[in-house]
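A.B. asks: One structure is given below, represented as C-alpha cells, and several questions about it will come after.
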Amino acid sequence: MRVRFAPSPTGSLHIGGARTALFNWLLARGAGGRFVLRIEDTDLKRSTAENVEQILDALRWLELDWDEGPVFQSSLEERHREAVKTLLEGGRAYRSNATAEDVAAFKRRHGDDRGFRGEDEGEGAIRLRVPDDGDTAFEDLVVGEVRSPNRAMDDLVVARADGTPLYNLAVAVDDLDLEITHVIRGNDHLTNTAKQLLIIEALGATAPRYAHLPLLHGPDGKKLSKRHGAASVQELRAAGYLPAAVRNYLALLGWGAGDDETILSTQELIRRFDIARVQRNPAQFDEQKLRWMNGRYMRELSLEELTAALADFYGRDDLGPAAAISAEKLQTLAEFWPLCGFIYDGPVDDPAARERWLGAEGREVLVEIRDALASMEPFDEPSIEAALGAVVERRGLKPRDVYQPLRVALAGRPVSPGIFETVAVLGRDAVLARIQAALNL
RNA sequence: GCCGCUAUCGUCUAGGGGACUAGGACGCCGCCCUCUCACGGCGGAAACCCGGGUUCGAAUCCCGGUAGCGGUACCA
C-alpha cells in the first residue's frame with residue numbers, strides 16, 4: 001500500500017488538511033504501507049521554500065512522519081508532457097481555442113446538463129475527449145458508489161496552450177507515477193475524481209482506490225476559517241495543545257472506533273483505524289472538546305514531560321516547581337502563565353481582588369500569617385498547612401477568609417494553585433516580602 | 001442553472017430491520033468534594049429533517065421533497 005498526502009503549499013496547514021494527513025498516515029501505518037508526501041505546486045507561484053517548510057514543520061510537530069518526499073508536482077513536468085502527448089496521439093485529446101464563452105454558448109444550444117464538446121483545431125489548449133455515453137463510476141472507500149453521467153461533463157482542459165499541465169492531469173499522472181494505491185483526500189475533490197478517472201482511463205492505466213473525507217466546518221457550520229479561532233495546525237500549536245491530543249481529537253472527527261472509547265492512544269488509533277468506518281457527513285470543529293481532551297492528556301504527563309513541554313512552549317527551563325503544583329488545573333500549555341506567572345513575575349495587578357480581600361480584616365489576618373510563617377521550621381508544605389490552619393482556628397474564621405487574603409497578597413488575584421503548595425514553592429523570603437508589600441499598599 | 005455528495009441530542013458520534021422507554025463523549029444545568037480555580041464523583045435536560053412507500057415490524061431499506069455542502073477555470 002502506498003498512500004500520499006498532497007497539501008497545497010500555502011504556508012499554513014489547515015486543520016482539515018491535518019486530518020487528511022492523519023488519516024493517510026493511520027492507514028499507512030496500520031497496514032505497513034508507505035506514506036508519501038507530494039507538494040501540489042502546479043501553480044508555481046505559491047510553492048516558496050518558506051511555505052513548504054512551514055507545512056513540513058506542522059507535520060513534524062504532529063509527529064506524522066513520512067517515508068518519501070516531499071515530491072514536487074513541478075518536478076514531474078516532463079512526465080506530464082509525455083502524458084499529454086500520449087493523449088493527443090491516441091486521439092483521446094485535441095487542441096482547441098474554445099473560450100469559456102464558447103462553452104457557455106454550447107450549453108445554451110444543447111441544454112445545461114450537456115457537457116461541452118469541441119472540435120480539433122490543431123492549436124490552443126488541450127482538451128480531453130469525454131465520451132457521450134455511459135457513466136464514470138467508482139467505489140469510494142468512504143462514500144460508496146459514486147456515479148456521474150459522462151454526457152454532463154465538459155471536455156476538460158488538461159493542459160494550457162503552452163503545454164503546461166493543469167491540476168487534474170498532474171494529479172492523475174503523479175498518482176500513477178508514484179504508484180499510489182490509495183488516494184485519501186477531502187470531499188471537495190469528489191467531483192474531480194471522475195475527471196481524473198477519465199484521464200487515467202484514456203492513458204490506459206489502472207486507477208488507485210479513492211476515499212473522500214467529509215469536510216470540516218466551523219462552529220457556525222461554515223467553512224472553517226480564521227474567524228473561528230484556531231484554523232491551522234500552527235495556531236493549535238501556539239494555543240498550547242499537545243500533538244497527541246490533537247491527533248486523538250482529529251481522528252475522532254469524522255470517524256468513530258465503534259464503541260464508547262474516546263481517549264485513544266496513537267497506537268490504538270493505528271491499530272483500530274478503519275477507513276470504511278469514516279463518517280460521510282461533514283463535521284464541525286469543536287475547540288471546547290479539544291480543550292477537554294488536551295486537559296486529559298496534560299494530566300497524564302509525568303512532571304518531567306510536562307516541564308519539558310512547558311520549556312519548549314515558553315522557552316525557559318525553570319518552570320518545574322510551578323508545573324508540579326498546577327498540573328491538574330491546566331487544559332493547555334498556554335494556561336500555565338496566566339495561572340502561575342505570578343510565581344516568577346510577582347503579583348499581578350487586580351484592584352477588584354485587593355478591594356475584596358485586603359480590607360481591614362484581611363490585613364489583620366496577613367499580619368498574623370506573617371508572624372506565624374516568619375519563624376516556623378521547617379518551611380515545608382505540611383508545616384505550612386498546620387501553621388495556617390492554626391491561624392484559621394485562632395481567629396475563628398472560615399478557611400477562605402484566611403487563605404484568600406494570603407492568595408491575593410502572593411498572586412495578586414483570587415485564583416492560584418493550592419495555597420500551601422504555592423507558599424512552599426515561593427519560599428519563606430518571597431512570601432514574607434510579598435505579604436509586607438501587600439500590607440504597605 | 002447543471003452535476004454530485006450528505007442528513008441521529010447544541011457539537012462529535014454509537015446504531016447495518018425487532019436487543020431503542022435511541023447508548024457514549026464534549027458543552028450546559030443541579031448536587032457532592034473543596035482554601036480559590038480546576039480535577040473527580042453523582043444526577044438531569046437534550047436528537048432519529050419532512051412526506052410517501054416496502055415490511056408483521058423502519059433511526060436502519062427504497063422513492064420524493066427540503067436543507068446544507070462541494071464542483072462546475074487555459075486555479076489547486
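Ligands are numbered from 1 in the order shown, residues from 1 within each chain, and chains are lettered A, B, ... in the order they appear in the C-alpha cells.
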Can you tell me, as a list of chain:residue names, what residues are no more than 9 Å from G17 of chain B when counting only C-alpha atoms (C1' of nucleotides), ignoring any on the same chain fewer than 4 positions away?
C.D. replies: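 Here the answer would be B:U55, B:G57, B:A58, B:U60, B:C61.
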A.B. asks: Define the interface residues of chain B facing chain A as those within 7 Å, counting only C-alpha atoms (C1' of nucleotides), and report them as a short mmCIF file (atom, residue, chain, number, x, y, z; two decimals) with N, CA, C and O atoms (P, O5', C5', C4', C3', O3' and C1' of nucleotides), in the first residue's frame.
C.D. replies:
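What landed in iface_32.cif:
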```cif
data_model
loop_
_atom_site.label_atom_id
_atom_site.label_comp_id
_atom_site.auth_asym_id
_atom_site.auth_seq_id
_atom_site.Cartn_x
_atom_site.Cartn_y
_atom_site.Cartn_z
P G B 1 -31.13 26.94 -9.03
"O5'" G B 1 -30.69 26.66 -10.55
"C5'" G B 1 -31.69 26.84 -11.56
"C4'" G B 1 -31.04 26.56 -12.89
"C3'" G B 1 -30.42 25.18 -13.01
"O3'" G B 1 -31.37 24.25 -13.50
"C1'" G B 1 -28.82 26.79 -13.66
P C B 2 -31.42 22.73 -12.94
"O5'" C B 2 -30.04 22.15 -13.46
"C5'" C B 2 -29.86 21.84 -14.84
"C4'" C B 2 -28.44 21.41 -15.08
"C3'" C B 2 -27.97 20.27 -14.20
"O3'" C B 2 -28.34 19.01 -14.75
"C1'" C B 2 -26.34 21.99 -14.18
P C B 3 -28.66 17.80 -13.75
"O5'" C B 3 -27.21 17.37 -13.24
"C5'" C B 3 -26.32 16.70 -14.11
"C4'" C B 3 -24.99 16.49 -13.43
"C3'" C B 3 -25.06 15.82 -12.07
"O3'" C B 3 -25.22 14.42 -12.17
"C1'" C B 3 -23.63 17.68 -11.92
P G B 4 -26.04 13.68 -10.98
"O5'" G B 4 -25.01 13.71 -9.76
"C5'" G B 4 -23.76 13.06 -9.86
"C4'" G B 4 -22.87 13.47 -8.72
"C3'" G B 4 -23.36 13.15 -7.33
"O3'" G B 4 -23.14 11.79 -7.02
"C1'" G B 4 -22.50 15.34 -7.36
P U B 6 -23.77 10.14 -0.20
"O5'" U B 6 -24.06 11.16 0.98
"C5'" U B 6 -23.10 11.32 2.02
"C4'" U B 6 -23.51 12.46 2.92
"C3'" U B 6 -24.81 12.27 3.68
"O3'" U B 6 -24.58 11.50 4.85
"C1'" U B 6 -24.76 14.44 2.75
P U B 11 -25.86 20.45 16.17
"O5'" U B 11 -24.39 20.28 16.76
"C5'" U B 11 -23.36 21.20 16.40
"C4'" U B 11 -22.05 20.71 16.96
"C3'" U B 11 -21.70 19.27 16.60
"O3'" U B 11 -21.11 19.18 15.31
"C1'" U B 11 -21.41 19.57 18.91
P C B 12 -21.26 17.83 14.49
"O5'" C B 12 -20.25 16.86 15.26
"C5'" C B 12 -18.85 17.13 15.26
"C4'" C B 12 -18.13 16.03 15.99
"C3'" C B 12 -18.50 14.63 15.54
"O3'" C B 12 -17.81 14.26 14.37
"C1'" C B 12 -18.53 14.73 17.90
P U B 13 -18.45 13.20 13.40
"O5'" U B 13 -18.45 11.94 14.37
"C5'" U B 13 -19.40 10.90 14.24
"C4'" U B 13 -19.40 10.11 15.52
"C3'" U B 13 -20.26 8.88 15.50
"O3'" U B 13 -19.54 7.78 14.94
"C1'" U B 13 -20.70 10.11 17.47
P A B 14 -20.34 6.65 14.21
"O5'" A B 14 -21.02 5.88 15.42
"C5'" A B 14 -20.19 5.19 16.37
"C4'" A B 14 -21.03 4.38 17.30
"C3'" A B 14 -22.06 3.46 16.65
"O3'" A B 14 -21.43 2.27 16.20
"C1'" A B 14 -22.99 4.53 18.56
P G B 24 -25.70 6.81 28.15
"O5'" G B 24 -24.23 7.02 27.58
"C5'" G B 24 -23.20 6.09 27.89
"C4'" G B 24 -21.96 6.41 27.10
"C3'" G B 24 -21.42 7.82 27.28
"O3'" G B 24 -20.65 7.96 28.45
"C1'" G B 24 -21.45 7.27 24.98
P A B 25 -20.54 9.39 29.17
"O5'" A B 25 -19.64 10.22 28.16
"C5'" A B 25 -18.27 9.88 27.98
"C4'" A B 25 -17.65 10.81 26.95
"C3'" A B 25 -17.88 12.29 27.22
"O3'" A B 25 -16.95 12.81 28.14
"C1'" A B 25 -18.40 11.83 24.98
P C B 26 -17.33 14.07 29.04
"O5'" C B 26 -17.25 15.27 27.99
"C5'" C B 26 -15.98 15.67 27.44
"C4'" C B 26 -16.20 16.80 26.47
"C3'" C B 26 -16.91 18.02 27.03
"O3'" C B 26 -16.01 18.87 27.71
"C1'" C B 26 -17.88 17.44 24.96
P C B 35 -11.32 23.32 52.50
"O5'" C B 35 -11.17 24.66 51.67
"C5'" C B 35 -11.44 25.93 52.27
"C4'" C B 35 -10.73 27.00 51.50
"C3'" C B 35 -10.81 26.84 50.00
"O3'" C B 35 -12.01 27.40 49.51
"C1'" C B 35 -8.57 27.30 50.65
P U B 36 -12.66 26.93 48.17
"O5'" U B 36 -12.10 27.96 47.10
"C5'" U B 36 -12.47 29.34 47.16
"C4'" U B 36 -11.76 30.07 46.06
"C3'" U B 36 -11.95 29.44 44.68
"O3'" U B 36 -13.15 29.92 44.09
"C1'" U B 36 -9.66 29.91 45.04
P C B 37 -14.01 28.94 43.21
"O5'" C B 37 -13.10 28.67 41.93
"C5'" C B 37 -12.73 29.74 41.07
"C4'" C B 37 -11.68 29.24 40.11
"C3'" C B 37 -12.03 27.93 39.41
"O3'" C B 37 -12.86 28.17 38.30
"C1'" C B 37 -9.80 27.84 40.23
P A B 38 -13.74 26.98 37.71
"O5'" A B 38 -12.61 26.05 37.12
"C5'" A B 38 -12.74 24.64 37.11
"C4'" A B 38 -11.37 24.05 36.91
"C3'" A B 38 -11.36 22.53 36.88
"O3'" A B 38 -11.60 22.06 35.57
"C1'" A B 38 -9.78 23.28 38.45
P C B 39 -12.63 20.82 35.37
"O5'" C B 39 -11.85 19.59 36.01
"C5'" C B 39 -10.50 19.32 35.67
"C4'" C B 39 -9.92 18.28 36.58
"C3'" C B 39 -10.78 17.05 36.82
"O3'" C B 39 -10.72 16.15 35.76
"C1'" C B 39 -9.83 17.76 38.87
P G B 70 -18.99 24.84 0.41
"O5'" G B 70 -18.56 23.75 -0.64
"C5'" G B 70 -17.51 22.84 -0.34
"C4'" G B 70 -17.43 21.77 -1.40
"C3'" G B 70 -17.21 22.29 -2.82
"O3'" G B 70 -15.85 22.61 -3.04
"C1'" G B 70 -18.87 20.64 -2.84
P G B 71 -15.53 23.76 -4.09
"O5'" G B 71 -15.82 23.05 -5.49
"C5'" G B 71 -15.02 21.97 -5.92
"C4'" G B 71 -15.63 21.37 -7.16
"C3'" G B 71 -15.81 22.32 -8.33
"O3'" G B 71 -14.61 22.48 -9.06
"C1'" G B 71 -17.78 21.07 -8.03
P C B 74 -10.89 26.96 -18.55
"O5'" C B 74 -9.31 27.05 -18.72
"C5'" C B 74 -8.55 25.90 -18.69
"C4'" C B 74 -7.13 26.34 -18.55
"C3'" C B 74 -7.02 27.76 -17.95
"O3'" C B 74 -5.97 27.70 -17.00
"C1'" C B 74 -6.11 27.66 -20.19
P A B 76 -3.33 24.71 -11.58
"O5'" A B 76 -3.43 24.31 -10.05
"C5'" A B 76 -2.64 24.98 -9.07
"C4'" A B 76 -3.15 24.56 -7.71
"C3'" A B 76 -3.17 23.06 -7.48
"O3'" A B 76 -1.93 22.58 -7.04
"C1'" A B 76 -5.27 23.96 -6.88
#
```
A.B. asks: Go through B:G10, B:G30, B:G51, B:G23 and flag the residue nearest U66 of chain B, using only C-alpha atoms (C1' of nucleotides) for the distances.
C.D. replies: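 Of the candidates, the smallest distance to U66 of chain B is held by B:G51.
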A.B. asks: Report as a list in words all protein, DNA and RNA residues lying within 12 Å of G44 of chain B, evaluated on only C-alpha atoms (C1' of nucleotides), omitting residues in the same chain fewer than 3 positions from it.
C.D. replies: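 What passes the distance filter is C28, C29, G30 and C31 of chain B.
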A.B. asks: Export, as an mmCIF file, in the first residue's frame, the selected residues with N, CA and C atoms (P, O5', C5', C4', C3', O3' and C1' of nucleotides).
C.D. replies:
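Final output, saved to part_26.cif:
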```cif
data_model
loop_
_atom_site.group_PDB
_atom_site.id
_atom_site.type_symbol
_atom_site.label_atom_id
_atom_site.label_comp_id
_atom_site.auth_asym_id
_atom_site.auth_seq_id
_atom_site.Cartn_x
_atom_site.Cartn_y
_atom_site.Cartn_z
ATOM 1 P P C B 28 -19.774 24.201 30.232
ATOM 2 O "O5'" C B 28 -21.373 24.211 30.221
ATOM 3 C "C5'" C B 28 -22.083 25.165 29.464
ATOM 4 C "C4'" C B 28 -23.567 24.915 29.573
ATOM 5 C "C3'" C B 28 -24.082 24.724 30.988
ATOM 6 O "O3'" C B 28 -24.288 25.963 31.648
ATOM 7 C "C1'" C B 28 -24.980 23.049 29.607
ATOM 8 P P C B 29 -23.971 26.054 33.235
ATOM 9 O "O5'" C B 29 -25.244 25.355 33.880
ATOM 10 C "C5'" C B 29 -26.542 25.888 33.678
ATOM 11 C "C4'" C B 29 -27.562 24.991 34.322
ATOM 12 C "C3'" C B 29 -27.230 24.544 35.742
ATOM 13 O "O3'" C B 29 -27.570 25.529 36.700
ATOM 14 C "C1'" C B 29 -27.905 22.669 34.489
ATOM 15 P P G B 30 -26.726 25.621 38.064
ATOM 16 O "O5'" G B 30 -27.219 24.340 38.888
ATOM 17 C "C5'" G B 30 -28.557 24.282 39.364
ATOM 18 C "C4'" G B 30 -28.793 22.959 40.036
ATOM 19 C "C3'" G B 30 -27.794 22.585 41.126
ATOM 20 O "O3'" G B 30 -28.092 23.207 42.362
ATOM 21 C "C1'" G B 30 -28.151 20.724 39.715
ATOM 22 P P C B 31 -26.893 23.472 43.392
ATOM 23 O "O5'" C B 31 -26.569 22.022 43.967
ATOM 24 C "C5'" C B 31 -27.505 21.347 44.776
ATOM 25 C "C4'" C B 31 -27.037 19.933 45.029
ATOM 26 C "C3'" C B 31 -25.677 19.799 45.700
ATOM 27 O "O3'" C B 31 -25.742 19.965 47.110
ATOM 28 C "C1'" C B 31 -25.816 18.286 43.888
#
```
A.B. asks: Calculated over only C-alpha atoms, which of the candidates A:Leu224, A:Ala251, A:Leu388, A:Val348 has the smallest distance to Met376 of chain A?
C.D. replies: A:Leu388
A.B. asks: Would you give me, as a PyMOL selection string, the residues in segment 173-354 of chain A that DSSP reads as strand (DSSP E)?
C.D. replies: chain A and resi 182-186+209-213+216-217+283-284
A.B. asks: Show me, as a PyMOL selection string, the residues that have an atom within 10 Å of segment 426-436 of chain A when counting only C-alpha atoms (C1' of nucleotides), minus same-chain residues fewer than 3 positions from it.
C.D. replies: chain A and resi 321-322+342-344+346-347+363+366-367+369-371+373-376+379-380+405-412+421-423+439-441
A.B. asks: Find, counting only C-alpha atoms (C1' of nucleotides), the residue in B:U72, B:G15, B:G40, B:A46 that gets nearest to G27 of chain B.
C.D. replies: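 Checking each of B:U72, B:G15, B:G40, B:A46 against G27 of chain B, counting only C-alpha atoms (C1' of nucleotides), the winner is B:A46.
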A.B. asks: In terms of the shortest atom-to-atom distance over only C-alpha atoms, which of A:Arg129, A:His80, A:Arg108, A:Arg354 is closest to Ala172 of chain A?
C.D. replies: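 Checking each candidate against Ala172 of chain A, we get A:His80 as the closest.
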A.B. asks: Identify, on the basis of only C-alpha atoms (C1' of nucleotides), every residue whose closest approach to U8 of chain B does not exceed 8 Å; exclude the query and any residue fewer than 2 positions from it along the same chain; express the result as number ranges by chain.
C.D. replies: B: 47-48, 59
A.B. asks: For the selection you just gave me, I'd like the residues written to a file as an mmCIF file, in the first residue's frame, keeping C-alpha atoms (C1' of nucleotides).
C.D. replies:
```
data_model
loop_
_atom_site.group_PDB
_atom_site.id
_atom_site.type_symbol
_atom_site.label_atom_id
_atom_site.label_comp_id
_atom_site.auth_asym_id
_atom_site.auth_seq_id
_atom_site.Cartn_x
_atom_site.Cartn_y
_atom_site.Cartn_z
ATOM 1 C "C1'" A B 47 -31.814 14.055 18.812
ATOM 2 C "C1'" C B 48 -33.675 9.944 14.564
ATOM 3 C "C1'" A B 59 -33.411 5.618 13.077
#
```
A.B. asks: Could you tell me how far atom CA of Trp25 of chain A sits from atom CA of Arg209 of chain A, in Å to one decimal place?
C.D. replies: 15.8 Å
A.B. asks: Using DSSP assignments from the backbone, pull out every residue in segment 317-389 of chain A that falls under alpha helix (DSSP H) and give it to me as a PyMOL selection string.
C.D. replies: chain A and resi 320-326+336-345+351-357+360-374+381-389
A.B. asks: Select, from A:Ala230, A:Ala244, A:Leu26, A:Leu128, the residue with the minimum atom-to-atom distance to Glu201 of chain A, counting only C-alpha atoms.
C.D. replies: A:Leu128
